[in-house]
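**Student:** My structure is in query.txt, and what it holds is compact mmCIF, C-alpha atoms:
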# COMPACT_ATOMS: atom_id res chain seq x y z
CA MET A 26 -11.80 -16.69 -3.94
CA ALA A 27 -9.22 -15.07 -6.22
CA THR A 28 -5.84 -16.44 -7.24
CA VAL A 29 -4.33 -12.94 -7.63
CA ASP A 30 -3.79 -10.39 -4.82
CA LEU A 31 -1.80 -7.27 -5.64
CA HIS A 32 -2.07 -5.45 -2.30
CA LEU A 33 -0.43 -7.05 0.74
CA HIS A 34 1.59 -5.70 3.69
CA THR A 35 4.12 -7.23 6.06
CA THR A 36 5.92 -6.31 9.28
CA VAL A 37 8.43 -4.43 7.16
CA SER A 38 5.83 -1.67 7.10
CA ASP A 39 2.54 -1.87 9.00
CA GLY A 40 1.43 -5.49 8.59
CA ARG A 41 1.54 -8.04 11.39
CA LEU A 42 2.98 -11.03 9.47
CA THR A 43 6.62 -11.29 8.52
CA PRO A 44 7.31 -11.73 4.79
CA THR A 45 7.89 -15.45 5.42
CA GLN A 46 4.63 -15.82 7.33
CA LEU A 47 2.71 -13.94 4.63
CA ILE A 48 4.12 -16.16 1.89
CA GLN A 49 3.05 -19.22 3.87
CA LEU A 50 -0.45 -17.81 4.32
CA VAL A 51 -1.00 -16.95 0.66
CA ALA A 52 0.37 -20.32 -0.43
CA ASP A 53 -1.96 -22.11 2.00
CA ARG A 54 -4.86 -20.15 0.53
CA GLY A 55 -4.01 -21.23 -2.99
CA LEU A 56 -2.94 -17.91 -4.44
CA GLU A 57 -0.83 -17.99 -7.59
CA THR A 58 0.24 -14.35 -8.12
CA ILE A 59 0.81 -11.76 -5.40
CA ALA A 60 2.49 -8.41 -4.85
CA ILE A 61 3.90 -7.25 -1.54
CA THR A 62 3.27 -3.50 -1.35
CA ASP A 63 4.77 -2.26 1.90
CA HIS A 64 4.66 1.49 2.57
CA ASP A 65 7.74 3.39 1.36
CA ILE A 66 9.99 0.34 1.64
CA THR A 67 10.99 -2.74 -0.37
CA ASP A 68 13.23 -4.39 2.24
CA GLY A 69 10.89 -7.33 2.83
CA LEU A 70 11.12 -8.63 -0.71
CA GLU A 71 14.41 -10.50 -0.29
CA GLU A 72 12.99 -12.58 2.57
CA ALA A 73 9.73 -13.07 0.70
CA TYR A 74 11.47 -14.35 -2.42
CA ALA A 75 13.49 -16.79 -0.32
CA ALA A 76 10.31 -18.07 1.35
CA ALA A 77 8.50 -18.33 -2.01
CA GLU A 78 11.11 -20.79 -3.30
CA ALA A 79 9.23 -23.48 -1.36
CA PHE A 80 6.10 -22.79 -3.44
CA PRO A 81 6.96 -22.98 -7.15
CA GLN A 82 3.33 -22.35 -8.12
CA LEU A 83 3.48 -18.89 -6.50
CA ARG A 84 4.68 -15.80 -8.36
CA LEU A 85 5.79 -12.78 -6.34
CA ILE A 86 5.77 -9.35 -8.01
CA PRO A 87 7.91 -6.61 -6.44
CA GLY A 88 5.70 -3.74 -5.34
CA ILE A 89 5.35 -0.72 -3.09
CA GLU A 90 2.72 1.71 -1.77
CA ILE A 91 3.49 5.43 -1.71
CA SER A 92 1.49 8.32 -0.19
CA THR A 93 1.16 11.47 -2.26
CA ASP A 94 -0.66 14.80 -1.96
CA LEU A 95 -2.87 16.21 -4.70
CA GLY A 96 -4.47 19.40 -3.46
CA GLU A 97 -6.62 18.50 -0.45
CA HIS A 98 -6.47 14.80 -1.24
CA GLU A 99 -4.05 12.21 0.11
CA ILE A 100 -3.64 9.74 -2.71
CA HIS A 101 -1.95 6.38 -2.39
CA LEU A 102 -0.08 5.02 -5.37
CA LEU A 103 0.96 1.42 -5.91
CA GLY A 104 4.04 0.52 -7.95
CA TYR A 105 4.54 -2.90 -9.57
CA PHE A 106 7.39 -4.69 -11.37
CA LEU A 107 9.93 -2.36 -9.78
CA GLN A 108 13.67 -2.78 -10.19
CA THR A 109 14.23 -2.41 -6.48
CA ASP A 110 17.96 -1.79 -6.74
CA HIS A 111 17.36 1.45 -8.60
CA PRO A 112 19.38 4.05 -6.61
CA GLY A 113 16.98 6.95 -7.14
CA LEU A 114 14.11 4.86 -5.82
CA GLN A 115 15.91 3.82 -2.65
CA GLU A 116 17.28 7.30 -1.93
CA THR A 117 13.79 8.80 -2.11
CA LEU A 118 12.22 6.04 -0.02
CA THR A 119 14.84 6.45 2.68
CA ARG A 120 14.07 10.16 2.95
CA TYR A 121 10.36 9.60 3.25
CA ARG A 122 10.73 6.91 5.89
CA VAL A 123 12.47 9.51 8.05
CA GLY A 124 9.36 11.65 7.62
CA ARG A 125 7.22 8.76 8.83
CA VAL A 126 9.23 8.59 12.05
CA GLU A 127 8.83 12.29 12.77
CA ARG A 128 5.09 12.15 12.04
CA GLY A 129 4.64 9.18 14.35
CA ARG A 130 6.42 11.01 17.14
CA ARG A 131 4.18 14.06 16.71
CA MET A 132 1.04 11.93 16.81
CA VAL A 133 2.15 10.30 20.03
CA GLU A 134 2.75 13.76 21.51
CA LYS A 135 -0.72 14.92 20.45
CA LEU A 136 -2.34 11.83 21.93
CA CYS A 137 -0.51 12.35 25.22
CA GLU A 138 -1.75 15.94 25.33
CA MET A 139 -5.28 14.50 25.02
CA GLY A 140 -4.66 12.16 27.96
CA ILE A 141 -4.04 9.08 25.83
CA ILE A 142 -0.66 8.07 27.20
CA ILE A 143 1.33 5.76 24.97
CA GLU A 144 5.10 5.50 24.76
CA TRP A 145 7.01 6.42 21.61
CA GLU A 146 9.53 3.69 22.42
CA ARG A 147 6.72 1.12 22.29
CA VAL A 148 5.53 2.41 18.91
CA LYS A 149 9.07 1.97 17.58
CA GLU A 150 9.22 -1.54 19.05
CA LEU A 151 6.00 -2.44 17.24
CA ALA A 152 7.44 -1.13 13.98
CA GLY A 153 10.66 -3.09 14.48
CA ASP A 154 13.13 -2.53 11.67
CA GLY A 155 10.35 -1.58 9.29
CA SER A 156 8.70 1.62 8.16
CA VAL A 157 6.84 3.35 11.04
CA GLY A 158 3.15 3.84 10.29
CA ARG A 159 -0.07 4.95 11.92
CA PRO A 160 -1.13 1.32 12.55
CA HIS A 161 1.79 1.00 14.98
CA VAL A 162 0.41 3.97 16.94
CA ALA A 163 -3.01 2.33 16.83
CA LEU A 164 -1.64 -0.99 18.10
CA ALA A 165 0.02 0.79 21.02
CA MET A 166 -3.36 2.33 21.87
CA VAL A 167 -5.00 -1.11 21.77
CA GLU A 168 -2.34 -2.50 24.13
CA LYS A 169 -3.07 0.26 26.63
CA GLY A 170 -6.82 -0.38 26.43
CA TYR A 171 -7.81 3.00 24.99
CA ILE A 172 -9.49 1.29 22.02
CA SER A 173 -10.43 -2.28 21.22
CA ARG A 174 -9.36 -2.44 17.56
CA PRO A 175 -6.84 -0.48 15.47
CA ASP A 176 -9.47 0.88 13.09
CA GLU A 177 -11.03 2.78 16.02
CA ALA A 178 -7.84 4.83 16.29
CA PHE A 179 -8.20 5.97 12.70
CA ALA A 180 -11.90 6.72 13.07
CA ARG A 181 -11.54 8.72 16.30
CA TYR A 182 -7.98 10.03 16.58
CA ILE A 183 -5.39 9.59 13.83
CA GLY A 184 -7.44 9.54 10.64
CA HIS A 185 -6.82 12.32 8.12
CA ASN A 186 -9.04 14.82 9.96
CA GLY A 187 -8.56 13.41 13.46
CA PRO A 188 -7.42 15.49 16.44
CA ALA A 189 -4.10 13.66 16.72
CA TYR A 190 -3.33 13.49 13.01
CA ALA A 191 0.02 14.89 11.89
CA GLU A 192 1.19 15.59 8.36
CA ARG A 193 4.47 14.45 6.86
CA GLU A 194 6.35 15.33 3.74
CA LYS A 195 4.99 13.49 0.72
CA LEU A 196 5.80 13.31 -2.94
CA LEU A 197 3.63 15.03 -5.50
CA PRO A 198 1.65 12.54 -7.61
CA GLN A 199 3.61 13.32 -10.77
CA ASP A 200 6.88 12.76 -8.92
CA SER A 201 5.64 9.46 -7.50
CA VAL A 202 4.62 8.19 -10.92
CA ARG A 203 7.95 9.32 -12.36
CA MET A 204 9.88 7.59 -9.56
CA VAL A 205 8.06 4.30 -10.13
CA THR A 206 8.48 4.55 -13.90
CA GLU A 207 12.19 5.38 -13.70
CA ALA A 208 12.62 2.31 -11.49
CA GLY A 209 11.18 0.18 -14.32
CA GLY A 210 7.72 -0.18 -12.81
CA VAL A 211 4.14 0.86 -13.48
CA ALA A 212 1.93 3.06 -11.29
CA VAL A 213 -1.59 2.22 -10.12
CA LEU A 214 -4.08 4.28 -8.08
CA ALA A 215 -4.89 2.61 -4.74
CA HIS A 216 -8.35 2.35 -3.10
CA PRO A 217 -9.89 5.26 -5.05
CA ALA A 218 -13.58 4.92 -4.17
CA ASN A 219 -13.72 7.63 -1.50
CA LEU A 220 -11.93 10.29 -3.54
CA THR A 221 -14.17 13.21 -4.37
CA ASP A 222 -14.08 14.28 -8.02
CA LEU A 223 -12.62 10.86 -8.82
CA GLU A 224 -12.66 11.21 -12.59
CA SER A 225 -10.81 14.51 -12.53
CA ILE A 226 -8.12 12.92 -10.35
CA VAL A 227 -7.95 9.83 -12.55
CA GLY A 228 -7.57 11.96 -15.66
CA GLU A 229 -4.80 14.01 -14.08
CA MET A 230 -2.96 10.96 -12.76
CA LYS A 231 -3.18 9.24 -16.14
CA SER A 232 -1.60 12.31 -17.74
CA TYR A 233 1.41 11.74 -15.47
CA GLY A 234 1.78 8.17 -16.72
CA MET A 235 -0.37 6.14 -14.31
CA VAL A 236 -1.56 2.96 -16.03
CA GLY A 237 -4.08 1.35 -13.65
CA MET A 238 -6.42 1.73 -10.70
CA GLU A 239 -7.74 -0.57 -8.03
CA VAL A 240 -11.18 -1.92 -8.86
CA HIS A 241 -11.34 -5.40 -7.33
CA TYR A 242 -10.67 -4.16 -3.80
CA ALA A 243 -11.84 -6.56 -1.10
CA GLN A 244 -13.35 -3.88 1.13
CA TYR A 245 -15.65 -2.54 -1.61
CA SER A 246 -19.25 -3.48 -2.30
CA SER A 247 -20.24 -5.04 -5.61
CA ASP A 248 -21.89 -1.76 -6.67
CA THR A 249 -18.68 0.17 -5.98
CA ILE A 250 -16.65 -2.36 -7.94
CA VAL A 251 -18.97 -2.02 -10.93
CA ARG A 252 -18.71 1.78 -10.77
CA LEU A 253 -14.91 1.71 -10.58
CA ALA A 254 -14.67 -0.86 -13.37
CA ASP A 255 -16.60 1.55 -15.60
CA VAL A 256 -14.22 4.41 -14.74
CA ALA A 257 -11.18 2.24 -15.44
CA ARG A 258 -12.61 1.12 -18.76
CA ARG A 259 -13.44 4.64 -19.93
CA TYR A 260 -9.99 5.94 -19.02
CA GLY A 261 -8.13 2.98 -20.44
CA LEU A 262 -6.68 1.89 -17.09
CA VAL A 263 -5.80 -1.65 -16.04
CA PRO A 264 -8.28 -2.85 -13.37
CA CYS A 265 -6.21 -3.99 -10.38
CA GLY A 266 -6.90 -4.80 -6.73
CA GLY A 267 -6.50 -7.12 -3.80
CA SER A 268 -7.17 -7.47 -0.09
CA ASP A 269 -4.97 -4.67 1.35
CA TYR A 270 -4.17 -7.27 4.01
CA HIS A 271 -2.40 -6.11 7.17
CA GLY A 272 -3.49 -8.73 9.72
CA LEU A 273 -4.31 -6.06 12.29
CA GLY A 274 -7.32 -7.83 13.74
CA ASN A 275 -9.90 -5.29 12.60
CA LEU A 276 -13.51 -6.43 12.33
CA ASN A 277 -14.18 -8.30 9.06
CA GLU A 278 -10.69 -7.64 7.70
CA PRO A 279 -10.42 -9.46 4.36
CA LEU A 280 -7.88 -12.25 4.07
CA PRO A 281 -5.49 -12.52 1.13
CA GLY A 282 -7.29 -13.67 -1.97
CA GLU A 283 -10.82 -12.81 -0.86
CA LEU A 284 -10.98 -10.56 -3.91
CA GLY A 285 -8.50 -9.69 -6.60
CA PRO A 286 -8.12 -8.86 -10.27
CA PRO A 287 -7.94 -11.39 -13.11
CA GLN A 288 -4.61 -12.74 -14.29
CA GLU A 289 -5.08 -10.70 -17.46
CA SER A 290 -4.52 -7.54 -15.43
CA VAL A 291 -1.16 -8.84 -14.22
CA ASP A 292 -0.17 -9.72 -17.77
CA GLU A 293 -1.07 -6.23 -18.99
CA LEU A 294 0.83 -4.54 -16.15
CA GLU A 295 3.90 -6.59 -17.00
CA ARG A 296 3.57 -5.79 -20.71
CA LEU A 297 3.35 -2.06 -19.95
CA ALA A 298 6.34 -2.22 -17.61
CA MET A 299 8.45 -3.98 -20.23
CA ALA A 300 7.37 -1.52 -22.92
CA SER A 301 8.28 1.41 -20.68
CA ARG A 302 11.73 -0.02 -19.96
CA SER A 303 12.34 -0.60 -23.67
CA ALA A 304 11.32 2.97 -24.48
CA SER A 305 13.62 4.39 -21.79
CA ARG A 306 16.63 2.58 -23.28
CA LYS A 307 16.16 4.15 -26.72
Please lay out the structure from this file as structure tokens.
**Tutor:**
Amino acid sequence: MATVDLHLHTTVSDGRLTPTQLIQLVADRGLETIAITDHDITDGLEEAYAAAEAFPQLRLIPGIEISTDLGEHEIHLLGYFLQTDHPGLQETLTRYRVGRVERGRRMVEKLCEMGIIIEWERVKELAGDGSVGRPHVALAMVEKGYISRPDEAFARYIGHNGPAYAEREKLLPQDSVRMVTEAGGVAVLAHPANLTDLESIVGEMKSYGMVGMEVHYAQYSSDTIVRLADVARRYGLVPCGGSDYHGLGNLNEPLPGELGPPQESVDELERLAMASRSASRK
């Protein structure tokens, strides 16, 4: 059981717990440092900070998860220690959330053409006021009985190469790293194990200013973690990680804190963020 989890989602994007409920869960599980990393949105942080006031032992780091395209790869980038009121950050995130809506609508249309009839209005209801994501489409499919768990939707229909997958506009990796850095944060590569030519990607992303990569990721085997730790060490990247908790009800979904990085990784991320902010003011 870890005391640090730097990868958590709420109903503000595609998780199933509100920020308040997530804070209660992580506090009950004894976590001490967490980051909420909703997709393309930081709106849940205000509620989360208010809820965290009841748990003085808990530190909440402002974070985000952003999808980028690098050639044929979809790469997810995590940002930590963001100054969330940065106007450039929020303007860009607003634009990309609109793209999420259009992509979701196209996926629903494709599914209906395949005879999998779900309603776009229901997908929007599942997303609520948050950022629309593929898990909301998957949950609508579960409700209608087409699949039994959300992960089946990704495996059979809406995964990257699935028949109902639809693209959306994404940032380039260098632009994502720059956006995070300009907002006072630091950029980290998310769940990298399945990327082909990983070291080439890591080297390129580091050249853009990325400072870390997920290693202690709860869905990875011990062998994979050892391999990724070696890559991070050789490229001078901070080893990060967490549960990637959504609460979707998938089989064997890790709970917050089942695996995470050491506190030293958090300290180093914070040091790098502060150093970057100092350099930008000169």
**Student:** What separation in Å, quoted to one decimal, exists between CA of Ala77 (chain A) and CA of Tyr245 (chain A)?
**Tutor:** 28.9 Å
**Student:** Any idea what the distance is between CA of Ser305 (chain A) and CA of Gly228 (chain A)?
**Tutor:**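 Interatomic distance here is 23.3 Å.
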**Student:** List as a count of residues only: which residues have an atom within 7 Å of (-0.6, -6.9, 5.7), counting only C-alpha atoms?
**Tutor:** 11
**Student:** Quick one: of A:Ala215, A:Ile142, A:Val133, A:Ala27, who's nearest to Tyr190 (chain A), counting all atoms listed in the file?
**Tutor:**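 Residue with the minimum atom-to-atom distance to Tyr190 (chain A): A:Val133.
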**Student:** As a PyMOL selection string, please: the residues near region 163-178 of chain A (cut-off 7 Å, all atoms listed in the file, same-chain neighbours under 3 positions excluded).
**Tutor:** chain A and resi 143+147-148+159-160+181-183+273-275
**Student:** So that I have them on file, write out the residues from the current selection with C-alpha atoms, as a short mmCIF file (atom, residue, chain, number, x, y, z; two decimals), in the coordinates of the input.
**Tutor:**
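Final file, result21.cif:
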data_model
loop_
_atom_site.label_atom_id
_atom_site.label_comp_id
_atom_site.auth_asym_id
_atom_site.auth_seq_id
_atom_site.Cartn_x
_atom_site.Cartn_y
_atom_site.Cartn_z
CA ILE A 143 1.33 5.76 24.97
CA ARG A 147 6.72 1.12 22.29
CA VAL A 148 5.53 2.41 18.91
CA ARG A 159 -0.07 4.95 11.92
CA PRO A 160 -1.13 1.32 12.55
CA ARG A 181 -11.54 8.72 16.30
CA TYR A 182 -7.98 10.03 16.58
CA ILE A 183 -5.39 9.59 13.83
CA LEU A 273 -4.31 -6.06 12.29
CA GLY A 274 -7.32 -7.83 13.74
CA ASN A 275 -9.90 -5.29 12.60
#
**Student:** Which is closest to Leu107 (chain A) among A:Asp248, A:Glu207, A:Glu194, A:Asp30, if we use all atoms listed in the file?
**Tutor:**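 Among the listed residues, A:Glu207 lies closest to Leu107 (chain A).
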**Student:** Between A:Leu151, A:Asp65, A:Leu214, A:Arg84, which residue has the minimum interatomic distance to Glu116 (chain A), considering only C-alpha atoms?
**Tutor:**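 Residue with the minimum atom-to-atom distance to Glu116 (chain A): A:Asp65.
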**Student:** Determine the nearest neighbour of Ala298 (chain A) from the options A:Thr206, A:Thr62, A:Thr221, A:Ser92, counting all atoms listed in the file.
**Tutor:**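 Nearest to Ala298 (chain A): A:Thr206.
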**Student:** Mind dumping a table of every region 43-105 of chain A residue within 10 Å of region 291-295 of chain A, with the nearest atom pair and its distance in Å to one decimal, using all atoms listed in the file, sorted by chain and rising number, as JSON lines?
**Tutor:**
{"residue": "A:Thr58", "atom": "CA", "partner": "A:Val291", "partner_atom": "CA", "distance": 8.3}
{"residue": "A:Ile59", "atom": "CA", "partner": "A:Val291", "partner_atom": "CA", "distance": 9.5}
{"residue": "A:Ile86", "atom": "CA", "partner": "A:Val291", "partner_atom": "CA", "distance": 9.3}
{"residue": "A:Tyr105", "atom": "CA", "partner": "A:Leu294", "partner_atom": "CA", "distance": 7.7}
**Student:** Keeping only C-alpha atoms, write the selected residues to a file as an mmCIF file, in the frame of the given file.
**Tutor:**
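In the end it all went to result07.cif:
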data_model
loop_
_atom_site.group_PDB
_atom_site.id
_atom_site.type_symbol
_atom_site.label_atom_id
_atom_site.label_comp_id
_atom_site.auth_asym_id
_atom_site.auth_seq_id
_atom_site.Cartn_x
_atom_site.Cartn_y
_atom_site.Cartn_z
ATOM 1 C CA THR A 58 0.240 -14.350 -8.120
ATOM 2 C CA ILE A 59 0.810 -11.760 -5.400
ATOM 3 C CA ILE A 86 5.770 -9.350 -8.010
ATOM 4 C CA TYR A 105 4.540 -2.900 -9.570
#
**Student:** Nearest residue to Gln46 (chain A) out of A:Val227, A:Ala75, A:Leu103, A:Ile66, using only C-alpha atoms?
**Tutor:**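 Using only C-alpha atoms, the shortest distance to Gln46 (chain A) belongs to A:Ala75.
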**Student:** Between CA of Glu229 (chain A) and CA of Leu118 (chain A), what distance in Å does the model show, to one decimal?
**Tutor:**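 Taking CA of Glu229 (chain A) and CA of Leu118 (chain A), their separation equals 23.5 Å.
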**Student:** Between A:Val240, A:Val213, A:Leu136, A:Val205, which residue has the minimum interatomic distance to Val162 (chain A), considering only C-alpha atoms?
**Tutor:**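 The shortest atom-to-atom distance to Val162 (chain A) comes from A:Leu136.
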**Student:** With region 53-56 of chain A as the partner and 10 Å as the cut-off, tabulate the residues of region 181-300 of chain A that qualify, each row holding the nearest pair of atoms and their distance in Å to one decimal, using all atoms listed in the file, sorted by chain and rising number, as CSV.
**Tutor:**
residue,atom,partner,partner_atom,distance
A:Leu280,CA,A:Arg54,CA,9.2
A:Pro281,CA,A:Arg54,CA,7.7
A:Gly282,CA,A:Leu56,CA,6.6
A:Glu283,CA,A:Arg54,CA,9.6
**Student:** Would you output that residue set with C-alpha atoms, as an mmCIF file, keeping the file's coordinate frame?
**Tutor:**
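Contents of part24.cif, freshly written:
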data_model
loop_
_atom_site.group_PDB
_atom_site.id
_atom_site.type_symbol
_atom_site.label_atom_id
_atom_site.label_comp_id
_atom_site.auth_asym_id
_atom_site.auth_seq_id
_atom_site.Cartn_x
_atom_site.Cartn_y
_atom_site.Cartn_z
ATOM 1 C CA LEU A 280 -7.880 -12.250 4.070
ATOM 2 C CA PRO A 281 -5.490 -12.520 1.130
ATOM 3 C CA GLY A 282 -7.290 -13.670 -1.970
ATOM 4 C CA GLU A 283 -10.820 -12.810 -0.860
#
**Student:** Please provide as a list in words all residues within 8 Å of region 234-237 of chain A, with the sequence filter that same-chain residues fewer than 2 positions apart are discarded (counting all atoms listed in the file).
**Tutor:**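 Listed by chain and then number, they are Val202, Arg203, Val211, Ala212, Val213, Leu214, Met230, Lys231, Ser232, Glu239, Ala257, Gly261, Leu262, Val263, Pro264, Cys265 and Leu294 of chain A.
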